[in-house]
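**Q** work_31.tsv (TSV, C-alpha atoms) pasted underneath:
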```tsv
chain	number	residue	atom	x	y	z
A	145	MET	CA	70.23	136.89	45.66
A	146	SER	CA	71.41	139.22	48.43
A	147	ARG	CA	70.75	142.91	48.83
A	148	GLU	CA	73.39	145.30	47.58
A	149	LEU	CA	75.14	147.15	50.39
A	150	PRO	CA	77.40	150.20	50.09
A	151	ASN	CA	81.17	149.76	50.06
A	152	THR	CA	82.48	150.27	53.58
A	153	ARG	CA	86.01	148.95	53.02
A	154	GLU	CA	87.82	151.99	51.64
A	155	GLN	CA	87.57	153.94	54.90
A	156	PHE	CA	90.06	151.47	56.39
A	157	ARG	CA	92.70	151.88	53.67
A	158	PRO	CA	95.69	153.74	55.18
A	159	ALA	CA	96.22	157.16	53.62
A	160	ASP	CA	99.81	156.24	52.69
A	161	HIS	CA	99.01	152.74	51.38
A	162	PRO	CA	101.74	151.97	48.82
A	163	THR	CA	99.78	149.80	46.35
A	164	GLU	CA	96.71	150.19	44.19
A	165	HIS	CA	95.31	146.94	45.54
A	166	PHE	CA	94.24	146.81	49.18
A	167	LEU	CA	93.64	143.68	51.24
A	168	LEU	CA	92.19	144.71	54.59
A	169	THR	CA	94.06	142.92	57.38
A	170	THR	CA	92.51	142.35	60.79
A	171	VAL	CA	92.02	139.81	63.58
A	172	VAL	CA	88.86	138.02	64.66
A	173	GLY	CA	89.04	139.20	68.26
A	174	SER	CA	90.66	137.37	71.16
A	175	TYR	CA	94.41	137.33	71.80
A	176	PRO	CA	96.55	135.65	74.50
A	177	LYS	CA	96.40	137.55	77.78
A	178	PRO	CA	99.69	138.45	79.51
A	179	LYS	CA	100.22	136.07	82.40
A	180	TRP	CA	100.42	138.95	84.84
A	181	LEU	CA	96.86	139.99	83.92
A	182	ASN	CA	95.54	136.57	84.93
A	183	ARG	CA	97.46	136.91	88.20
A	184	ALA	CA	95.98	140.37	88.75
A	185	LYS	CA	92.47	138.91	88.45
A	186	GLU	CA	93.35	136.24	91.03
A	187	LEU	CA	94.64	138.92	93.42
A	188	ALA	CA	91.45	140.95	93.00
A	189	GLU	CA	89.39	137.91	94.05
A	190	GLU	CA	91.36	137.21	97.24
A	191	ASP	CA	89.61	137.84	100.55
A	192	SER	CA	92.30	140.22	101.78
A	193	ARG	CA	91.38	142.64	98.96
A	194	GLU	CA	94.81	144.28	99.10
A	195	PHE	CA	94.50	144.40	95.30
A	196	ASP	CA	91.15	146.10	94.69
A	197	ASP	CA	88.90	146.75	91.70
A	198	GLY	CA	90.74	149.96	90.86
A	199	ASP	CA	94.03	148.07	90.70
A	200	LEU	CA	92.44	145.45	88.44
A	201	GLU	CA	91.04	148.13	86.14
A	202	GLU	CA	94.52	149.65	85.83
A	203	ALA	CA	95.96	146.21	85.01
A	204	MET	CA	93.33	145.66	82.29
A	205	ASP	CA	94.05	149.12	80.86
A	206	ASP	CA	97.75	148.29	80.73
A	207	ALA	CA	97.08	144.95	79.04
A	208	ALA	CA	94.68	146.49	76.51
A	209	ARG	CA	97.23	149.19	75.67
A	210	LEU	CA	100.01	146.60	75.33
A	211	ILE	CA	98.10	144.27	73.00
A	212	THR	CA	96.74	147.15	70.94
A	213	GLU	CA	100.31	148.32	70.40
A	214	GLU	CA	101.30	144.74	69.56
A	215	HIS	CA	98.65	144.64	66.82
A	216	VAL	CA	99.87	147.98	65.49
A	217	ARG	CA	103.45	146.71	65.47
A	218	ALA	CA	102.34	143.64	63.51
A	219	GLY	CA	100.96	146.04	60.90
A	220	LEU	CA	97.23	145.23	61.07
A	221	ASP	CA	94.91	147.70	59.34
A	222	ALA	CA	91.96	147.24	61.71
A	223	ILE	CA	92.72	146.18	65.27
A	224	VAL	CA	91.12	145.14	68.53
A	225	ASP	CA	92.57	145.12	72.04
A	226	GLY	CA	92.60	141.33	72.11
A	227	GLU	CA	89.52	141.32	74.36
A	228	MET	CA	91.69	141.86	77.42
A	229	ARG	CA	88.71	142.81	79.58
A	230	ARG	CA	86.60	139.82	78.58
A	231	ASN	CA	86.68	136.39	80.17
A	232	GLU	CA	84.38	134.32	77.90
A	233	MET	CA	82.25	135.29	74.93
A	234	VAL	CA	78.85	134.60	76.55
A	235	GLU	CA	79.62	135.01	80.23
A	236	TYR	CA	81.05	138.51	79.76
A	237	PHE	CA	77.85	139.83	78.21
A	238	ALA	CA	75.50	137.88	80.49
A	239	HIS	CA	76.98	139.71	83.48
A	240	ARG	CA	75.87	142.98	81.85
A	241	ILE	CA	72.36	142.00	80.78
A	242	GLU	CA	69.45	142.22	83.22
A	243	GLY	CA	67.60	138.91	83.42
A	244	TYR	CA	70.65	136.65	83.44
A	245	GLU	CA	71.92	134.88	86.53
A	246	PHE	CA	74.72	132.42	87.29
A	247	ASN	CA	74.47	129.14	89.16
A	248	GLY	CA	78.02	127.83	88.92
A	249	PRO	CA	80.34	126.33	86.31
A	250	VAL	CA	79.32	123.64	83.84
A	251	LYS	CA	81.84	121.13	82.45
A	252	VAL	CA	82.09	121.53	78.68
A	253	TRP	CA	85.04	119.38	77.59
A	254	GLY	CA	88.02	117.66	79.22
A	255	HIS	CA	88.88	119.61	82.36
A	256	ASN	CA	87.43	122.88	81.04
A	257	TYR	CA	84.48	124.59	82.70
A	258	PHE	CA	82.18	127.34	81.49
A	259	ASP	CA	80.13	129.51	83.85
A	260	LYS	CA	76.97	128.94	81.80
A	261	PRO	CA	74.34	131.54	82.64
A	262	SER	CA	70.59	131.13	82.96
A	263	VAL	CA	67.94	133.50	81.64
A	264	ALA	CA	65.67	133.70	84.67
A	265	ASP	CA	63.72	136.85	83.80
A	266	GLU	CA	63.03	139.26	80.95
A	267	VAL	CA	66.30	140.42	79.39
A	268	GLU	CA	66.92	144.15	79.43
A	269	TYR	CA	69.67	146.53	78.31
A	270	ALA	CA	70.82	148.10	81.56
A	271	GLU	CA	74.26	149.51	80.71
A	272	PRO	CA	76.65	149.79	77.73
A	273	TRP	CA	78.67	146.64	77.25
A	274	LEU	CA	81.64	147.65	75.10
A	275	VAL	CA	81.63	151.44	74.73
A	276	ASP	CA	84.31	151.99	77.39
A	277	GLU	CA	86.46	149.28	75.80
A	278	PHE	CA	86.11	150.88	72.35
A	279	GLU	CA	86.81	154.39	73.60
A	280	PHE	CA	89.91	153.29	75.48
A	281	THR	CA	91.31	151.35	72.52
A	282	SER	CA	90.57	154.20	70.13
A	283	GLY	CA	92.35	156.55	72.50
A	284	VAL	CA	95.64	154.63	72.43
A	285	THR	CA	95.94	154.17	68.65
A	286	ASP	CA	95.28	156.05	65.45
A	287	ARG	CA	94.38	152.80	63.62
A	288	PRO	CA	90.74	151.87	62.96
A	289	VAL	CA	89.32	149.74	65.76
A	290	LYS	CA	87.03	146.77	65.12
A	291	VAL	CA	84.52	145.77	67.80
A	292	PRO	CA	83.64	142.06	68.10
A	293	ILE	CA	80.35	141.39	69.89
A	294	THR	CA	78.71	138.04	70.65
A	295	GLY	CA	75.54	137.67	68.61
A	296	PRO	CA	72.05	137.08	70.03
A	297	TYR	CA	71.67	133.55	68.72
A	298	THR	CA	74.85	132.38	70.46
A	299	LEU	CA	73.90	134.31	73.62
A	300	ALA	CA	70.60	132.43	73.60
A	301	SER	CA	71.85	129.02	72.48
A	302	TRP	CA	74.69	128.84	75.00
A	303	SER	CA	72.52	129.78	77.97
A	304	PHE	CA	69.86	127.97	79.99
A	305	ASN	CA	66.46	129.44	79.09
A	306	GLU	CA	64.19	129.48	82.15
A	307	HIS	CA	61.90	132.36	81.16
A	308	TYR	CA	61.02	132.53	77.46
A	309	ASP	CA	58.81	130.10	75.53
A	310	GLY	CA	61.71	129.08	73.33
A	311	GLU	CA	65.22	129.83	72.17
A	312	GLU	CA	63.92	131.68	69.13
A	313	GLU	CA	61.93	134.18	71.23
A	314	LEU	CA	64.94	134.72	73.50
A	315	ALA	CA	67.23	135.30	70.51
A	316	TYR	CA	64.90	137.94	69.07
A	317	GLU	CA	64.74	139.77	72.40
A	318	LEU	CA	68.53	139.70	72.66
A	319	ALA	CA	68.82	141.02	69.09
A	320	GLY	CA	67.04	144.17	70.26
A	321	LEU	CA	69.62	144.58	73.02
A	322	VAL	CA	72.51	144.08	70.59
A	323	ASN	CA	70.96	146.76	68.37
A	324	GLU	CA	70.93	149.16	71.33
A	325	GLU	CA	74.58	148.41	72.05
A	326	ILE	CA	75.56	148.96	68.42
A	327	GLU	CA	73.74	152.30	68.42
A	328	ALA	CA	75.81	153.28	71.49
A	329	LEU	CA	79.03	152.11	69.82
A	330	VAL	CA	78.24	154.02	66.63
A	331	ALA	CA	77.54	157.15	68.67
A	332	ALA	CA	80.99	156.68	70.24
A	333	GLY	CA	82.58	156.52	66.79
A	334	ALA	CA	82.72	152.79	65.95
A	335	ARG	CA	82.68	152.04	62.22
A	336	TYR	CA	83.57	148.33	62.11
A	337	ILE	CA	81.48	145.89	64.15
A	338	GLN	CA	81.66	142.11	63.97
A	339	ILE	CA	78.83	139.87	65.18
A	340	ASP	CA	80.17	136.53	66.46
A	341	GLU	CA	77.77	133.61	65.90
A	342	PRO	CA	79.71	130.36	66.39
A	343	ALA	CA	76.47	128.63	67.40
A	344	LEU	CA	75.17	129.04	63.85
A	345	ALA	CA	77.59	126.44	62.53
A	346	THR	CA	76.60	123.93	65.19
A	347	THR	CA	72.85	124.32	64.58
A	348	PRO	CA	72.71	125.24	60.89
A	349	ASP	CA	68.98	124.65	60.46
A	350	ASP	CA	68.41	127.82	62.46
A	351	HIS	CA	70.09	130.18	59.98
A	352	ALA	CA	66.66	131.76	59.40
A	353	ILE	CA	66.57	132.78	63.08
A	354	VAL	CA	70.05	134.29	62.80
A	355	GLY	CA	68.97	136.14	59.67
A	356	GLU	CA	65.94	137.62	61.44
A	357	CYS	CA	68.14	138.62	64.39
A	358	LEU	CA	70.58	140.36	62.05
A	359	GLU	CA	67.73	142.26	60.40
A	360	HIS	CA	66.85	143.62	63.83
A	361	ILE	CA	70.49	144.31	64.70
A	362	ALA	CA	71.14	146.21	61.47
A	363	ASP	CA	67.99	148.30	61.73
A	364	GLY	CA	68.94	151.96	61.83
A	365	VAL	CA	72.70	151.39	61.63
A	366	PRO	CA	74.28	154.06	59.36
A	367	GLU	CA	75.43	152.95	55.91
A	368	ASP	CA	79.08	153.81	56.60
A	369	VAL	CA	79.28	151.32	59.50
A	370	ARG	CA	80.80	148.01	58.40
A	371	LEU	CA	78.98	144.98	59.80
A	372	GLY	CA	80.61	141.57	59.74
A	373	LEU	CA	79.46	138.10	60.73
A	374	HIS	CA	81.97	135.59	62.12
A	375	VAL	CA	81.07	131.91	61.76
A	376	CYS	CA	83.33	128.96	62.54
A	377	TYR	CA	83.45	125.20	63.07
A	378	GLY	CA	80.79	123.69	60.88
A	379	ASN	CA	79.53	122.35	57.58
A	380	TYR	CA	79.12	125.54	55.59
A	381	SER	CA	77.09	123.85	52.85
A	382	ARG	CA	74.20	123.80	55.32
A	383	ILE	CA	74.13	127.61	55.59
A	384	TYR	CA	75.28	128.65	52.10
A	385	PRO	CA	73.96	130.40	50.04
A	386	GLU	CA	71.24	131.36	52.55
A	387	ILE	CA	73.65	133.50	54.58
A	388	LEU	CA	74.11	135.85	51.62
A	389	ASP	CA	70.66	137.26	52.37
A	390	MET	CA	71.79	138.50	55.76
A	391	PRO	CA	72.28	142.29	56.09
A	392	VAL	CA	76.05	142.30	56.64
A	393	HIS	CA	78.93	143.48	54.47
A	394	GLU	CA	81.45	140.77	55.37
A	395	TYR	CA	81.50	137.09	56.31
A	396	ASP	CA	84.45	135.92	58.40
A	397	LEU	CA	85.00	132.19	57.88
A	398	GLU	CA	87.32	129.54	59.30
A	399	LEU	CA	88.84	127.64	56.38
A	400	ALA	CA	92.57	127.20	57.02
A	401	ASN	CA	92.09	124.62	59.78
A	402	GLY	CA	90.18	122.38	57.37
A	403	GLY	CA	92.77	122.70	54.63
A	404	TYR	CA	90.29	124.72	52.53
A	405	GLU	CA	88.27	121.58	51.83
A	406	GLN	CA	85.08	123.65	51.97
A	407	LEU	CA	86.29	126.37	49.60
A	408	ASP	CA	84.17	125.06	46.72
A	409	VAL	CA	81.00	125.54	48.78
A	410	PHE	CA	81.20	129.28	48.18
A	411	LYS	CA	81.78	129.19	44.42
A	412	SER	CA	78.17	128.69	43.37
A	413	PRO	CA	76.17	130.81	43.50
A	414	THR	CA	78.51	133.79	43.36
A	415	PHE	CA	79.77	135.05	46.72
A	416	ASP	CA	78.60	138.65	46.33
A	417	LYS	CA	79.59	139.99	49.77
A	418	ASP	CA	83.05	140.61	51.21
A	419	LEU	CA	84.96	137.58	52.45
A	420	ALA	CA	87.16	137.66	55.53
A	421	LEU	CA	89.26	134.58	54.84
A	422	GLY	CA	91.03	132.70	57.60
A	423	VAL	CA	94.60	132.29	56.33
A	424	VAL	CA	96.37	131.06	59.48
A	425	ASP	CA	95.30	128.13	61.65
A	426	VAL	CA	94.66	129.11	65.28
A	427	HIS	CA	94.67	125.46	66.40
A	428	THR	CA	98.38	124.83	65.84
A	429	THR	CA	101.45	126.43	67.31
A	430	GLU	CA	103.30	125.97	64.04
A	431	VAL	CA	103.85	129.41	62.53
A	432	GLU	CA	102.94	129.48	58.84
A	433	THR	CA	105.61	131.01	56.60
A	434	VAL	CA	104.92	134.12	54.57
A	435	GLU	CA	104.91	132.01	51.40
A	436	GLU	CA	102.40	129.55	52.85
A	437	ILE	CA	100.09	132.38	53.87
A	438	LYS	CA	100.39	133.97	50.43
A	439	GLU	CA	99.20	130.69	48.90
A	440	ASN	CA	96.23	130.74	51.28
A	441	ILE	CA	95.37	134.33	50.40
A	442	VAL	CA	95.38	133.52	46.69
A	443	LYS	CA	92.86	130.74	47.39
A	444	GLY	CA	90.45	133.49	48.39
A	445	PHE	CA	90.56	134.85	44.84
A	446	GLU	CA	88.77	131.69	43.74
A	447	ILE	CA	85.72	133.07	45.56
A	448	VAL	CA	85.98	136.88	45.40
A	449	PRO	CA	88.10	139.50	43.63
A	450	PRO	CA	90.81	141.28	45.67
A	451	GLU	CA	88.59	144.30	46.43
A	452	GLN	CA	86.25	141.99	48.36
A	453	LEU	CA	88.89	140.07	50.34
A	454	THR	CA	89.80	140.64	53.98
A	455	VAL	CA	92.76	138.74	55.45
A	456	SER	CA	92.50	137.40	58.99
A	457	PRO	CA	93.23	134.37	61.17
A	458	ASP	CA	90.68	131.55	61.29
A	459	CYS	CA	89.33	132.58	64.68
A	460	GLY	CA	90.46	134.15	67.93
A	461	VAL	CA	94.05	133.30	68.84
A	462	LYS	CA	93.73	133.40	72.64
A	463	LEU	CA	94.77	129.76	73.16
A	464	LEU	CA	98.10	130.15	71.37
A	465	PRO	CA	101.36	131.16	73.10
A	466	ARG	CA	101.61	134.92	72.78
A	467	GLY	CA	104.83	134.86	70.78
A	468	VAL	CA	103.32	132.40	68.32
A	469	ALA	CA	100.18	134.50	67.96
A	470	TYR	CA	102.23	137.61	67.23
A	471	GLN	CA	104.41	135.89	64.64
A	472	LYS	CA	101.35	134.54	62.85
A	473	MET	CA	99.89	138.06	62.70
A	474	GLU	CA	103.14	139.61	61.50
A	475	ASN	CA	103.63	136.98	58.79
A	476	MET	CA	99.99	137.38	57.76
A	477	VAL	CA	100.39	141.12	57.23
A	478	THR	CA	103.68	140.68	55.36
A	479	ALA	CA	102.03	138.11	53.10
A	480	ALA	CA	99.08	140.41	52.37
A	481	ARG	CA	101.36	143.32	51.47
A	482	GLU	CA	103.41	141.10	49.14
A	483	VAL	CA	100.28	139.77	47.43
A	484	GLU	CA	99.08	143.34	46.90
A	485	ALA	CA	102.36	144.26	45.22
A	486	GLU	CA	102.20	141.17	43.01
A	487	LEU	CA	98.62	142.02	42.03
A	488	ASP	CA	99.77	145.52	41.05
A	489	ALA	CA	102.54	143.98	38.95
A	490	GLY	CA	100.12	141.59	37.23
A	491	GLU	CA	101.97	138.57	38.61
A	492	ILE	CA	98.82	136.99	40.07
A	493	THR	CA	95.95	135.87	37.88
A	494	VAL	CA	92.62	136.36	39.59
A	495	GLY	CA	90.02	133.84	38.48
A	496	TYR	CA	87.14	133.91	40.89
A	497	ALA	CA	83.84	132.11	40.57
A	498	GLY	CA	81.93	135.29	39.74
A	499	GLU	CA	83.78	135.88	36.47
```
Take the structure I supplied and represent it as structure tokens, if you would.
**A**
Amino acid sequence: MSRELPNTREQFRPADHPTEHFLLTTVVGSYPKPKWLNRAKELAEEDSREFDDGDLEEAMDDAARLITEEHVRAGLDAIVDGEMRRNEMVEYFAHRIEGYEFNGPVKVWGHNYFDKPSVADEVEYAEPWLVDEFEFTSGVTDRPVKVPITGPYTLASWSFNEHYDGEEELAYELAGLVNEEIEALVAAGARYIQIDEPALATTPDDHAIVGECLEHIADGVPEDVRLGLHVCYGNYSRIYPEILDMPVHEYDLELANGGYEQLDVFKSPTFDKDLALGVVDVHTTEVETVEEIKENIVKGFEIVPPEQLTVSPDCGVKLLPRGVAYQKMENMVTAAREVEAELDAGEITVGYAGE
């Protein structure tokens, strides 16, 4: 069904990896911000301006370095900085794209507000969005760095469109901008880029639009660059198997929160891409034990063989207490390493749907 893409996983295997099997461990993106970083942002917004933009930049550098080191300490193979410089997954990018403007916060649920942007003019790529973030993170660790970037369909769907004839046209224009940004990231050395499209699961009939956007995004990207697609919160049967036609190497899916009730969706037809399986629930503060996470990892072998499985949380962990988030990551890595050893020893029988 889907096109065959080159293997991009092995470049992330540590040189001293102790087992024959390798389960790539990573995070989706966001991580709890240190409380002092939130306070630093408040200080930078005060009229007195005793704490200026340079001070805020230093605070964000410190936070990014701290969380990067926290991910390294947890043992993750591919890391991010926890998105310490980002506020919200659409708003952050809209501030950097010509054609967007802001008219004030919109209530989204409960007492939560989102500064929903409007597209008031033609969108244009005016400046790099994430290159500085990637270069800083790469400079403070020797681990591979993954770059999450909000996809064009979500950027279009979660904005007011006051310029283009429809959401589809806006999404295609934004896909061209995302392609430019990925080209800049690749030139800076990025080799693992994740497109976040949570809006796909809420409007599944538009998977064809997302597919067309991804074709544009992937155009010209070198074969050694790993592209992933993160989708969460939805009825996956509405987008599977159609998503297999999309030009990405890896699909990152939220399944732990639903108790893996949708696991069978991906068993027929064969899941012939890599699967980044959510193995810890980001919606609960209860820390899963290593044994519980191992059981979740093994569920992934019902869909793909070990060489196609990536281990990650369900989604970003930014709403969890920081200590809880760290313990989930540490237990997740420990579980993955133990499963690898048990695979080497022949103690785990792999019976995936493609056999």
**Q** With a distance cut-off of 12 Å and only C-alpha atoms, select the neighbouring residues of Glu432 in chain A, excluding the residue or stretch itself and same-chain residues fewer than 6 positions from it, and output the selection as a short mmCIF file (atom, residue, chain, number, x, y, z; two decimals) with C-alpha atoms, in the frame of the given file.
**A**
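Done, and the output landed in result33.cif:
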```cif
data_model
loop_
_atom_site.label_atom_id
_atom_site.label_comp_id
_atom_site.auth_asym_id
_atom_site.auth_seq_id
_atom_site.Cartn_x
_atom_site.Cartn_y
_atom_site.Cartn_z
CA ALA A 400 92.57 127.20 57.02
CA ASN A 401 92.09 124.62 59.78
CA VAL A 423 94.60 132.29 56.33
CA VAL A 424 96.37 131.06 59.48
CA ASP A 425 95.30 128.13 61.65
CA VAL A 426 94.66 129.11 65.28
CA LYS A 438 100.39 133.97 50.43
CA GLU A 439 99.20 130.69 48.90
CA ASN A 440 96.23 130.74 51.28
CA PRO A 457 93.23 134.37 61.17
CA VAL A 468 103.32 132.40 68.32
CA ALA A 469 100.18 134.50 67.96
CA TYR A 470 102.23 137.61 67.23
CA GLN A 471 104.41 135.89 64.64
CA LYS A 472 101.35 134.54 62.85
CA MET A 473 99.89 138.06 62.70
CA GLU A 474 103.14 139.61 61.50
CA ASN A 475 103.63 136.98 58.79
CA MET A 476 99.99 137.38 57.76
CA THR A 478 103.68 140.68 55.36
CA ALA A 479 102.03 138.11 53.10
#
```
**Q** Extract, using all atoms listed in the file, all DNA, RNA and protein residues at most 10 Å from Asp276 in chain A, discarding same-chain residues fewer than 6 positions from it, and format them as a ChimeraX atom specification.
**A** /A:282,329,332
**Q** Looking at all atoms listed in the file, which of A:Gln452, A:Thr433, A:Ser381, A:Thr152 is the one that sits closest to Asp416 in chain A?
**A**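 For Asp416 in chain A, the nearest of the given residues is A:Gln452.
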**Q** Which residues, written as a count of residues only, have at least one atom at most 12 Å from Pro158 in chain A, with all atoms listed in the file counted and residues fewer than 6 positions away on the same chain left out?
**A** 13
**Q** Could you state the separation of CA of Gly403 in chain A and CA of Trp302 in chain A in Å, given to one decimal place?
**A**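 If I compute the distance from CA of Gly403 in chain A to CA of Trp302 in chain A, I get 27.9 Å.
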**Q** Please determine, counting all atoms listed in the file, which residue among A:Glu311, A:Asp196, A:Glu306, A:Glu482 has the shortest atom-to-atom distance to Glu245 in chain A.
**A**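 Going through A:Glu311, A:Asp196, A:Glu306, A:Glu482 one by one, the smallest distance to Glu245 in chain A is for A:Glu306.
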**Q** Mind checking which residues fall within 10 Å of range 182-188 of chain A, counting all atoms listed in the file, ignoring those fewer than 6 positions away in the same chain, and posting them as an MDAnalysis selection string?
**A** chainID A and resid 194:204 228
**Q** May I have the residues from that selection written out with C-alpha atoms, as a short mmCIF file (atom, residue, chain, number, x, y, z; two decimals), in the frame of the given file?
**A**
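For reference, result.cif as written:
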```cif
data_model
loop_
_atom_site.label_atom_id
_atom_site.label_comp_id
_atom_site.auth_asym_id
_atom_site.auth_seq_id
_atom_site.Cartn_x
_atom_site.Cartn_y
_atom_site.Cartn_z
CA GLU A 194 94.81 144.28 99.10
CA PHE A 195 94.50 144.40 95.30
CA ASP A 196 91.15 146.10 94.69
CA ASP A 197 88.90 146.75 91.70
CA GLY A 198 90.74 149.96 90.86
CA ASP A 199 94.03 148.07 90.70
CA LEU A 200 92.44 145.45 88.44
CA GLU A 201 91.04 148.13 86.14
CA GLU A 202 94.52 149.65 85.83
CA ALA A 203 95.96 146.21 85.01
CA MET A 204 93.33 145.66 82.29
CA MET A 228 91.69 141.86 77.42
#
```
**Q** Using CA of Lys260 in chain A and CA of Phe304 in chain A as the two end points, give the distance in Å to one decimal.
**A**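 It comes out at 7.4 Å.
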**Q** Please determine, counting only C-alpha atoms, which residue among A:Arg382, A:Arg240, A:Lys411, A:His161 has the shortest atom-to-atom distance to Thr346 in chain A.
**A** A:Arg382
**Q** Name the closest residue to Asp418 in chain A among the candidates A:Val392, A:Val369, A:Ala362, A:Ala207; distances are taken between atoms, counting all atoms listed in the file.
**A** A:Val392
